[in-house]
Structures are given as C-alpha cells and as structure tokens.
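Text of data_12.cif (mmCIF, C-alpha atoms) as supplied:
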data_run
#
loop_
_atom_site.label_atom_id
_atom_site.label_comp_id
_atom_site.auth_asym_id
_atom_site.auth_seq_id
_atom_site.Cartn_x
_atom_site.Cartn_y
_atom_site.Cartn_z
CA MET A 1 -16.99 127.75 36.86
CA LEU A 2 -18.33 131.12 37.96
CA ARG A 3 -19.18 131.53 41.62
CA ARG A 4 -22.06 133.68 42.81
CA ILE A 5 -21.25 137.11 44.22
CA ALA A 6 -22.22 138.70 47.48
CA LYS A 7 -22.65 142.43 47.95
CA GLY A 8 -19.66 144.13 46.40
CA THR A 9 -18.17 146.03 43.51
CA VAL A 10 -17.17 144.70 40.09
CA ILE A 11 -14.51 146.69 38.25
CA VAL A 12 -14.55 145.52 34.64
CA SER A 13 -11.03 145.54 33.23
CA ALA A 14 -9.35 144.23 30.11
CA VAL A 15 -6.37 143.16 32.20
CA LEU A 16 -7.71 142.05 35.55
CA LEU A 17 -10.81 141.53 37.62
CA ALA A 18 -10.78 143.66 40.78
CA VAL A 19 -12.54 142.08 43.75
CA ALA A 20 -13.73 144.00 46.81
CA PHE A 21 -16.07 143.81 49.79
CA GLY A 22 -16.41 140.03 49.79
CA LEU A 23 -17.12 139.80 46.07
CA ARG A 24 -16.26 136.32 44.83
CA PHE A 25 -15.77 135.00 41.32
CA GLY A 26 -14.85 131.55 40.19
CA SER A 27 -13.75 131.26 36.60
CA LEU A 28 -14.49 130.23 33.07
CA GLU A 29 -11.51 128.65 31.40
CA SER A 30 -9.80 130.84 28.83
CA GLU A 31 -9.54 129.61 25.24
CA ARG A 32 -11.64 126.48 25.67
CA GLY A 33 -14.50 127.66 27.83
CA GLY A 34 -14.64 124.77 30.28
CA VAL A 35 -13.96 124.80 34.01
CA GLY A 36 -10.65 126.37 34.94
CA ASP A 37 -9.04 129.29 36.73
CA SER A 38 -8.91 132.55 34.79
CA GLY A 39 -10.36 135.08 37.20
CA GLY A 40 -13.95 135.19 35.92
CA LEU A 41 -13.11 135.86 32.28
CA LEU A 42 -14.07 133.73 29.31
CA SER A 43 -11.83 134.12 26.25
CA LEU A 44 -13.45 134.35 22.81
CA THR A 45 -11.71 132.68 19.86
CA LEU A 46 -12.78 132.44 16.21
CA PRO A 47 -13.48 128.82 15.18
CA ALA A 48 -11.34 127.47 12.36
CA PHE A 49 -14.30 126.57 10.14
CA ALA A 50 -15.35 130.24 9.96
CA GLN A 51 -11.96 131.81 9.30
CA ALA A 52 -12.46 132.00 5.54
CA ALA A 53 -16.10 133.16 5.65
CA ARG A 54 -17.02 136.62 4.33
CA SER A 55 -18.94 139.12 6.45
CA ASP A 56 -22.09 138.55 4.37
CA GLU A 57 -21.91 134.76 4.75
CA PHE A 58 -22.82 132.38 7.55
CA PRO A 59 -22.04 132.59 10.39
CA TYR A 60 -21.34 136.35 10.32
CA ASN A 61 -24.65 137.21 8.70
CA GLU A 62 -26.68 135.35 11.30
CA ALA A 63 -24.92 134.30 14.51
CA GLY A 64 -24.25 136.30 17.66
CA ILE A 65 -22.83 134.69 20.77
CA SER A 66 -21.82 131.11 19.93
CA ALA A 67 -20.29 127.99 21.45
CA TYR A 68 -18.58 125.48 19.18
CA VAL A 69 -16.67 122.23 19.11
CA ASP A 70 -14.82 120.17 16.53
CA MET A 71 -15.91 116.57 17.06
CA GLY A 72 -13.02 115.28 14.98
CA GLN A 73 -15.19 112.89 12.97
CA ALA A 74 -17.74 112.89 10.16
CA ILE A 75 -21.37 113.46 11.17
CA ASP A 76 -24.47 111.97 9.54
CA LEU A 77 -26.80 114.90 8.90
CA THR A 78 -29.85 112.71 8.32
CA ARG A 79 -29.50 111.36 11.82
CA SER A 80 -28.88 114.86 13.16
CA GLU A 81 -32.27 116.14 11.99
CA LYS A 82 -33.98 114.16 14.72
CA ALA A 83 -32.38 116.31 17.42
CA PHE A 84 -34.20 119.47 16.34
CA SER A 85 -37.65 120.85 17.00
CA GLY A 86 -37.44 122.62 13.65
CA ILE A 87 -35.10 122.76 10.62
CA GLU A 88 -34.01 126.16 9.34
CA ALA A 89 -31.52 125.17 6.65
CA SER A 90 -30.52 121.87 5.11
CA GLU A 91 -27.62 121.60 2.68
CA PRO A 92 -25.43 118.68 1.59
CA GLU A 93 -22.59 119.92 3.83
CA TYR A 94 -24.48 121.21 6.86
CA ILE A 95 -27.78 121.53 8.67
CA ILE A 96 -29.15 124.26 10.98
CA GLY A 97 -31.99 123.65 13.38
CA THR A 98 -33.63 124.91 16.56
CA LEU A 99 -32.89 122.91 19.69
CA GLU A 100 -35.42 122.74 22.51
CA LEU A 101 -33.75 123.13 25.90
CA PRO A 102 -35.60 121.64 28.90
CA ASN A 103 -37.50 124.01 31.18
CA LEU A 104 -36.84 127.05 29.01
CA THR A 105 -39.28 129.00 26.85
CA GLU A 106 -38.92 129.00 23.08
CA ASP A 107 -37.16 132.37 22.96
CA MET A 108 -34.30 130.78 24.91
CA TRP A 109 -33.87 127.86 22.52
CA PRO A 110 -30.62 128.23 20.56
CA HIS A 111 -29.92 127.42 16.94
CA VAL A 112 -27.44 124.66 16.19
CA TYR A 113 -25.21 124.28 13.11
CA ILE A 114 -23.90 120.79 12.31
CA SER A 115 -21.49 120.09 9.44
CA THR A 116 -20.59 116.79 7.82
CA ASP A 117 -16.92 117.38 8.62
CA GLY A 118 -17.51 117.36 12.39
CA TRP A 119 -18.15 120.92 13.50
CA ILE A 120 -21.10 121.68 15.79
CA MET A 121 -21.98 125.21 16.86
CA ALA A 122 -24.81 126.39 19.11
CA TYR A 123 -25.67 130.08 18.84
CA TYR A 124 -28.20 132.80 19.37
CA PRO A 125 -29.05 135.09 16.45
CA LYS A 126 -27.18 138.38 16.22
CA THR A 127 -30.35 140.25 17.22
CA GLU A 128 -30.38 138.60 20.67
CA PRO A 129 -28.45 139.79 23.74
CA THR A 130 -25.38 137.84 24.79
CA SER A 131 -26.93 137.29 28.22
CA ARG A 132 -29.09 134.50 26.78
CA LEU A 133 -26.15 132.17 27.44
CA VAL A 134 -26.63 132.51 31.23
CA GLN A 135 -28.03 129.16 32.37
CA TRP A 136 -30.21 129.52 35.45
CA ILE A 137 -31.80 126.06 35.26
CA GLY A 138 -29.97 123.86 37.74
CA TYR A 139 -28.20 126.82 39.33
CA HIS A 140 -27.87 126.31 43.08
CA GLN A 141 -26.89 129.83 44.18
CA GLU A 142 -23.27 128.82 44.58
CA GLU A 143 -21.63 128.65 41.17
CA ILE A 144 -22.37 128.51 37.47
CA THR A 145 -20.79 125.50 35.83
CA THR A 146 -22.37 125.73 32.39
CA THR A 147 -24.15 127.95 29.86
CA THR A 148 -27.24 127.40 27.74
CA LEU A 149 -25.00 127.03 24.67
CA ARG A 150 -22.76 124.46 26.33
CA ASP A 151 -25.85 122.51 27.41
CA ALA A 152 -27.12 122.65 23.83
CA LEU A 153 -23.90 121.11 22.51
CA VAL A 154 -23.99 118.36 25.13
CA GLN A 155 -27.64 117.63 24.38
CA VAL A 156 -27.29 117.50 20.60
CA THR A 157 -24.22 115.25 20.71
CA GLN A 158 -26.04 112.85 22.99
CA GLU A 159 -29.14 112.82 20.81
CA ILE A 160 -27.19 111.96 17.65
CA GLY A 161 -25.11 109.33 19.41
CA LEU A 162 -21.75 111.10 19.69
CA SER A 163 -19.45 111.26 22.69
CA THR A 164 -19.64 114.42 24.79
CA ALA A 165 -15.95 114.20 25.69
CA ALA A 166 -14.92 116.74 23.03
CA VAL A 167 -17.60 119.19 24.19
CA LEU A 168 -16.41 118.98 27.78
CA SER A 169 -12.71 119.27 26.92
CA SER A 170 -12.39 121.59 23.90
CA LEU A 171 -15.44 123.84 23.83
CA GLY A 172 -14.87 127.35 22.48
CA TYR A 173 -16.86 130.60 22.43
CA TYR A 174 -17.05 133.49 19.97
CA HIS A 175 -19.31 136.45 19.13
CA PHE A 176 -19.63 136.95 15.36
CA GLN A 177 -21.07 140.46 15.58
CA TYR A 178 -18.16 141.70 17.70
CA PRO A 179 -15.07 140.06 16.17
CA SER A 180 -12.75 142.37 18.12
CA ALA A 181 -14.18 141.23 21.46
CA THR A 182 -11.81 138.80 23.14
CA LYS A 183 -13.33 138.42 26.61
CA LEU A 184 -16.70 137.80 28.21
CA LEU A 185 -17.34 138.52 31.88
CA ILE A 186 -20.41 137.55 33.89
CA ALA A 187 -21.35 139.18 37.20
CA ILE A 188 -24.20 137.42 39.00
CA ASP A 189 -26.11 137.62 42.26
CA THR A 190 -29.19 135.95 43.74
CA THR A 191 -31.49 136.65 46.65
CA THR A 192 -34.57 135.43 48.48
CA SER A 193 -35.53 139.03 49.24
CA THR A 194 -33.42 141.99 48.05
CA ASP A 195 -29.73 142.28 47.23
CA THR A 196 -27.46 144.69 45.36
CA PHE A 197 -24.04 144.88 43.75
CA THR A 198 -22.26 147.57 41.77
CA TYR A 199 -20.05 147.60 38.70
CA THR A 200 -17.66 150.19 37.25
CA ILE A 201 -16.49 150.35 33.63
CA PRO A 202 -13.03 151.96 33.16
CA SER A 203 -12.88 154.78 30.60
CA GLY A 204 -10.22 153.04 28.52
CA LEU A 205 -12.09 149.76 28.15
CA ASN A 206 -13.39 148.71 24.72
CA LEU A 207 -16.88 147.57 25.75
CA TYR A 208 -18.78 146.11 22.79
CA GLU A 209 -21.95 145.01 24.55
CA ALA A 210 -23.39 144.79 28.04
CA SER A 211 -26.58 142.83 28.66
CA TRP A 212 -28.64 141.57 31.58
CA SER A 213 -30.44 138.37 32.52
CA HIS A 214 -33.14 138.05 35.18
CA TYR A 215 -34.44 134.79 36.62
CA ALA A 216 -37.21 134.03 39.09
CA ALA A 217 -37.79 130.59 40.59
CA GLY A 218 -41.34 130.21 41.83
CA ALA A 219 -41.86 133.87 42.66
CA ALA A 220 -45.00 134.66 44.64
CA TYR A 221 -47.79 136.93 43.38
CA ASN A 222 -45.76 140.13 43.88
CA GLY A 223 -43.14 138.69 41.57
CA SER A 224 -39.57 139.85 41.10
CA TYR A 225 -37.59 142.57 39.39
CA THR A 226 -34.13 143.85 38.47
CA GLU A 227 -33.17 147.50 38.63
CA ILE A 228 -30.02 149.23 37.39
CA ASP A 229 -29.34 152.68 38.86
CA SER A 230 -32.94 152.71 40.19
CA VAL A 231 -34.33 152.10 36.68
CA ARG A 232 -36.43 148.92 36.49
CA VAL A 233 -35.16 146.97 33.47
CA PHE A 234 -37.48 144.02 34.11
CA SER A 235 -40.45 143.26 36.33
CA GLY A 236 -42.35 139.96 36.40
CA GLY A 237 -45.28 138.49 38.27
CA GLY A 238 -45.57 135.18 40.05
CA GLY A 239 -44.02 132.03 38.62
CA THR A 240 -40.73 130.88 37.13
CA TYR A 241 -39.25 132.73 34.17
CA VAL A 242 -36.13 134.09 32.45
CA ALA A 243 -35.85 137.48 30.75
CA CYS A 244 -32.91 139.09 28.92
CA GLY A 245 -32.06 142.44 27.40
CA ARG A 246 -29.28 144.89 26.60
CA LEU A 247 -28.14 147.65 28.92
CA ASP A 248 -29.13 151.18 27.97
CA THR A 249 -26.43 153.76 27.28
CA GLN A 250 -26.71 155.40 30.70
CA HIS A 251 -26.00 152.07 32.38
CA LYS A 252 -22.70 151.77 30.50
CA ALA A 253 -21.30 155.20 31.40
CA PRO A 254 -17.59 154.78 32.21
CA GLU A 255 -15.94 155.74 35.49
CA SER A 256 -19.30 155.65 37.28
CA SER A 257 -20.53 153.22 39.89
CA HIS A 258 -23.71 151.50 38.66
CA GLU A 259 -25.90 149.65 41.15
CA VAL A 260 -27.79 146.47 40.27
CA LYS A 261 -30.69 145.57 42.54
CA VAL A 262 -32.54 142.26 42.39
CA TYR A 263 -35.75 141.60 44.30
CA SER A 264 -37.87 138.50 44.85
CA HIS A 265 -41.17 138.08 46.68
CA GLY A 266 -41.04 134.43 47.67
CA ASN A 267 -38.47 131.77 46.75
CA TRP A 268 -35.54 133.44 44.96
CA ALA A 269 -34.47 135.51 41.99
CA GLY A 270 -31.18 136.27 40.29
CA ALA A 271 -29.67 139.01 38.14
CA ALA A 272 -26.64 138.71 35.87
CA ILE A 273 -24.75 141.32 33.85
CA VAL A 274 -22.69 140.10 30.89
CA PHE A 275 -19.87 142.26 29.50
CA LEU A 276 -18.20 141.78 26.10
CA HIS A 277 -14.85 143.56 25.86
CA ASN A 278 -11.16 143.21 25.09
#
What is this file in structure tokens?
Amino acid sequence: MLRRIAKGTVIVSAVLLAVAFGLRFGSLESERGGVGDSGGLLSLTLPAFAQAARSDEFPYNEAGISAYVDMGQAIDLTRSEKAFSGIEASEPEYIIGTLELPNLTEDMWPHVYISTDGWIMAYYPKTEPTSRLVQWIGYHQEEITTTTLRDALVQVTQEIGLSTAAVLSSLGYYHFQYPSATKLLIAIDTTTSTDTFTYTIPSGLNLYEASWSHYAAGAAYNGSYTEIDSVRVFSGGGGTYVACGRLDTQHKAPESSHEVKVYSHGNWAGAAIVFLHN
C-alpha cells in the first residue's frame, strides 16, 4: 500500500527512496504489485504471454501501463463479453473490451484483454499518461491500497465468475512503451485547503515518463487546482472529477527541487506524481 505524504521532499532514486521532513510512504509490493514492503516502489515485469510478441504486435503496438494476471485456467470468451461496455477486438484466442469502472468518467475506463488460456490484462492505451492508474475513488487520505487497473482485474474476474484470489496474490505490472523501465513510484498528497511537497530527480536517473493526477471530491464553486513550480497544470470548477497529464520538460529538470501545490475550495483535493524509471 502507499501511504499519503505530508509536507516534505521526495528524492526519486533508482536505488532508494529518501524520506525527509515527515514524508511518509507505504509500499507497493515488488514483482507482484500487491500489498507489501518495498519502500514505495512498484516493480515492472514483462508478462510471459507477451515475451515472444514483436514490437509491431499486440500488446506493444497498443498498450501503455498495464496490470496482468495468469488465472491458471481456461476462460470462456463468450461469457467474458458480458463484462464489457464495448468490444474492440474479438478473435478465437482472445477478446479486448472496454471496462466501465464505477464513479469514473469514460476516459478513465481501461481496456481489458482476456485470452482463452487464462491471461487477463487491464491497460491504458500507449497515448495515455501512466498516472491514470492512480485510484482516487475510495481513497481515505491515509493510504492507497489499489489502482484503477487492479480494480479492473478484480471487477472483470468477478463478472465472469472467476475467483479473485489470483488477482490479489500474483498481480503484475508493466509498461509496454517503456520496456527498460523497471520501477514505478507514486508521490501523493491531499488537502482540504492548500498543501505542497517537493521532488528532486537525480541527474543519473533514467526517467522514462513523469505524469500527474489531480482529484477533487465535491469541490465548491471556486474549484481546485494543481501547480508545479508555480505553473498551473490543471484547474477545475466545482464538483468531483479526475484529470491526468504528463509533466512538461521543465518539471523534469534533474538536480532541481520542484514544488507541487494542490488547492481545494471546499471538501478536499489530491495531487499525485507518477515516475517511471529504472
């Protein structure tokens, strides 16, 4: 699980996570992606079913950040169709559909691949930022225990009548557009007014992508916003909403302290920064 952070400084490192000024991280289990103790880092591992695929084939030609599981049993694709709000591809060996996630807008709905030999993978297209996996729904300002992709796998297995035990015990993550990325780190903070945290990217770090996610829960008419280095990356009005995007180049400058500010007028808002690196 990933605990919320208070005011502090995140130093993104391929080797360790430096914690200062009361900053607190829980963890995302390495290798399998469940709940564990790995210092706030989630390891990315290529799924076995994709190891022989070419770069111009699925999933490399379509998928970005992904969560997958091997159910260890054959799956009836005809029955699986009922889980989707729309079908994108249907072949004798697999099916791909769009899965509606509760309380999220359509742009946050992931795609799900299901194969007859037991593999299920939830993913966002390669054009979407990795931060779409941050699951704000059900977040209680203490810790993150899931992602949108993990929730999608749980939901689809339940809807087609399969046990969720494999999802909860052997879930894996991978990003098909950044095959050299081996780690994913999430920094997150929430507030009922205004709060800030900073992050620093070491010069020797291989950073493949950095993206942000902003959430507002019942914001009043003045809304909410997230700023990075005094640049407003998102601003919303009243209501409840999620927005995601990639960090601009200036917000990824190494060896510089970058400040993230999140503001909410009424109720609360949150900001998360997701780093892909090795």
Using only C-alpha atoms, find each residue in range 106-205 of chain A having at least one atom no more than 8 Å away from range 41-59 of chain A; report its shortest atom-to-atom pair and that distance in Å (one decimal), rows by chain then rising number, as CSV.
residue,atom,partner,partner_atom,distance
A:Trp119,CA,A:Phe49,CA,7.6
A:Gly172,CA,A:Thr45,CA,6.7
A:Tyr173,CA,A:Leu44,CA,5.1
A:Tyr174,CA,A:Leu44,CA,4.7
A:His175,CA,A:Leu44,CA,7.2
A:Phe176,CA,A:Pro59,CA,7.0
A:Pro179,CA,A:Leu46,CA,8.0
A:Ala181,CA,A:Leu44,CA,7.0
A:Thr182,CA,A:Leu44,CA,4.8
A:Lys183,CA,A:Ser43,CA,4.6
A:Leu184,CA,A:Leu42,CA,5.0
A:Leu185,CA,A:Leu41,CA,5.0
A:Ile186,CA,A:Leu41,CA,7.7
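Going from CA of Val69 in chain A over to CA of Gln177 in chain A, you cover 19.1 Å.
Shortest separation to Ser235 in chain A among A:Asn222, A:Thr105, A:Thr130, A:Ser66 occurs at residue A:Asn222, atoms counted being all atoms listed in the file.
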The PyMOL selection byres ((chain A and resi 88-96) around 8) on the file shown: which residues, as a VMD selection string? chain A and resid 77 81 86 to 87 97 to 98 111 to 117
Please enumerate the residues selected by the PyMOL selection byres ((chain A and resi 270-277) around 9) when evaluated against the supplied file, formatted as a ChimeraX atom specification. /A:12-14,130-131,134,136,141,175,178,180-192,205-217,225-226,247,260-264,268-269,278
Would you mind telling me which residue in A:Ser257, A:Thr196, A:Thr164, A:Ser203 lies nearest to Glu227 in chain A when using all atoms listed in the file? A:Thr196
Hey, what comes out of the PyMOL selection byres ((chain A and resi 147) around 6) on this file? Could you write it as an NGL selection string? :A and (133-135 or 146 or 148-150)
Using all atoms listed in the file, the residue out of A:Glu128, A:Glu159, A:Glu106, A:Glu143 with shortest distance to Arg246 in chain A is A:Glu128
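Remark: for Glu100 in chain A, the closest of the candidate residues A:Lys252, A:Asp195, A:Leu153, A:Thr145 is A:Leu153 (distances computed over all atoms listed in the file).
Put simply, CA of Pro254 in chain A is 17.4 Å away from CA of Ser230 in chain A.
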Taken to one decimal, the CA of Tyr124 in chain A-CA of Ala63 in chain A distance is 6.1 Å
Using all atoms listed in the file, can you tell me which of A:Ala122, A:Ile160, A:Ile144, A:Ile65 comes closest to Trp109 in chain A? A:Ala122
With only C-alpha atoms as the basis for distance, which of A:Gly72, A:Gly204, A:Gly218, A:Pro110 is at the shortest distance from Asp151 in chain A? A:Pro110
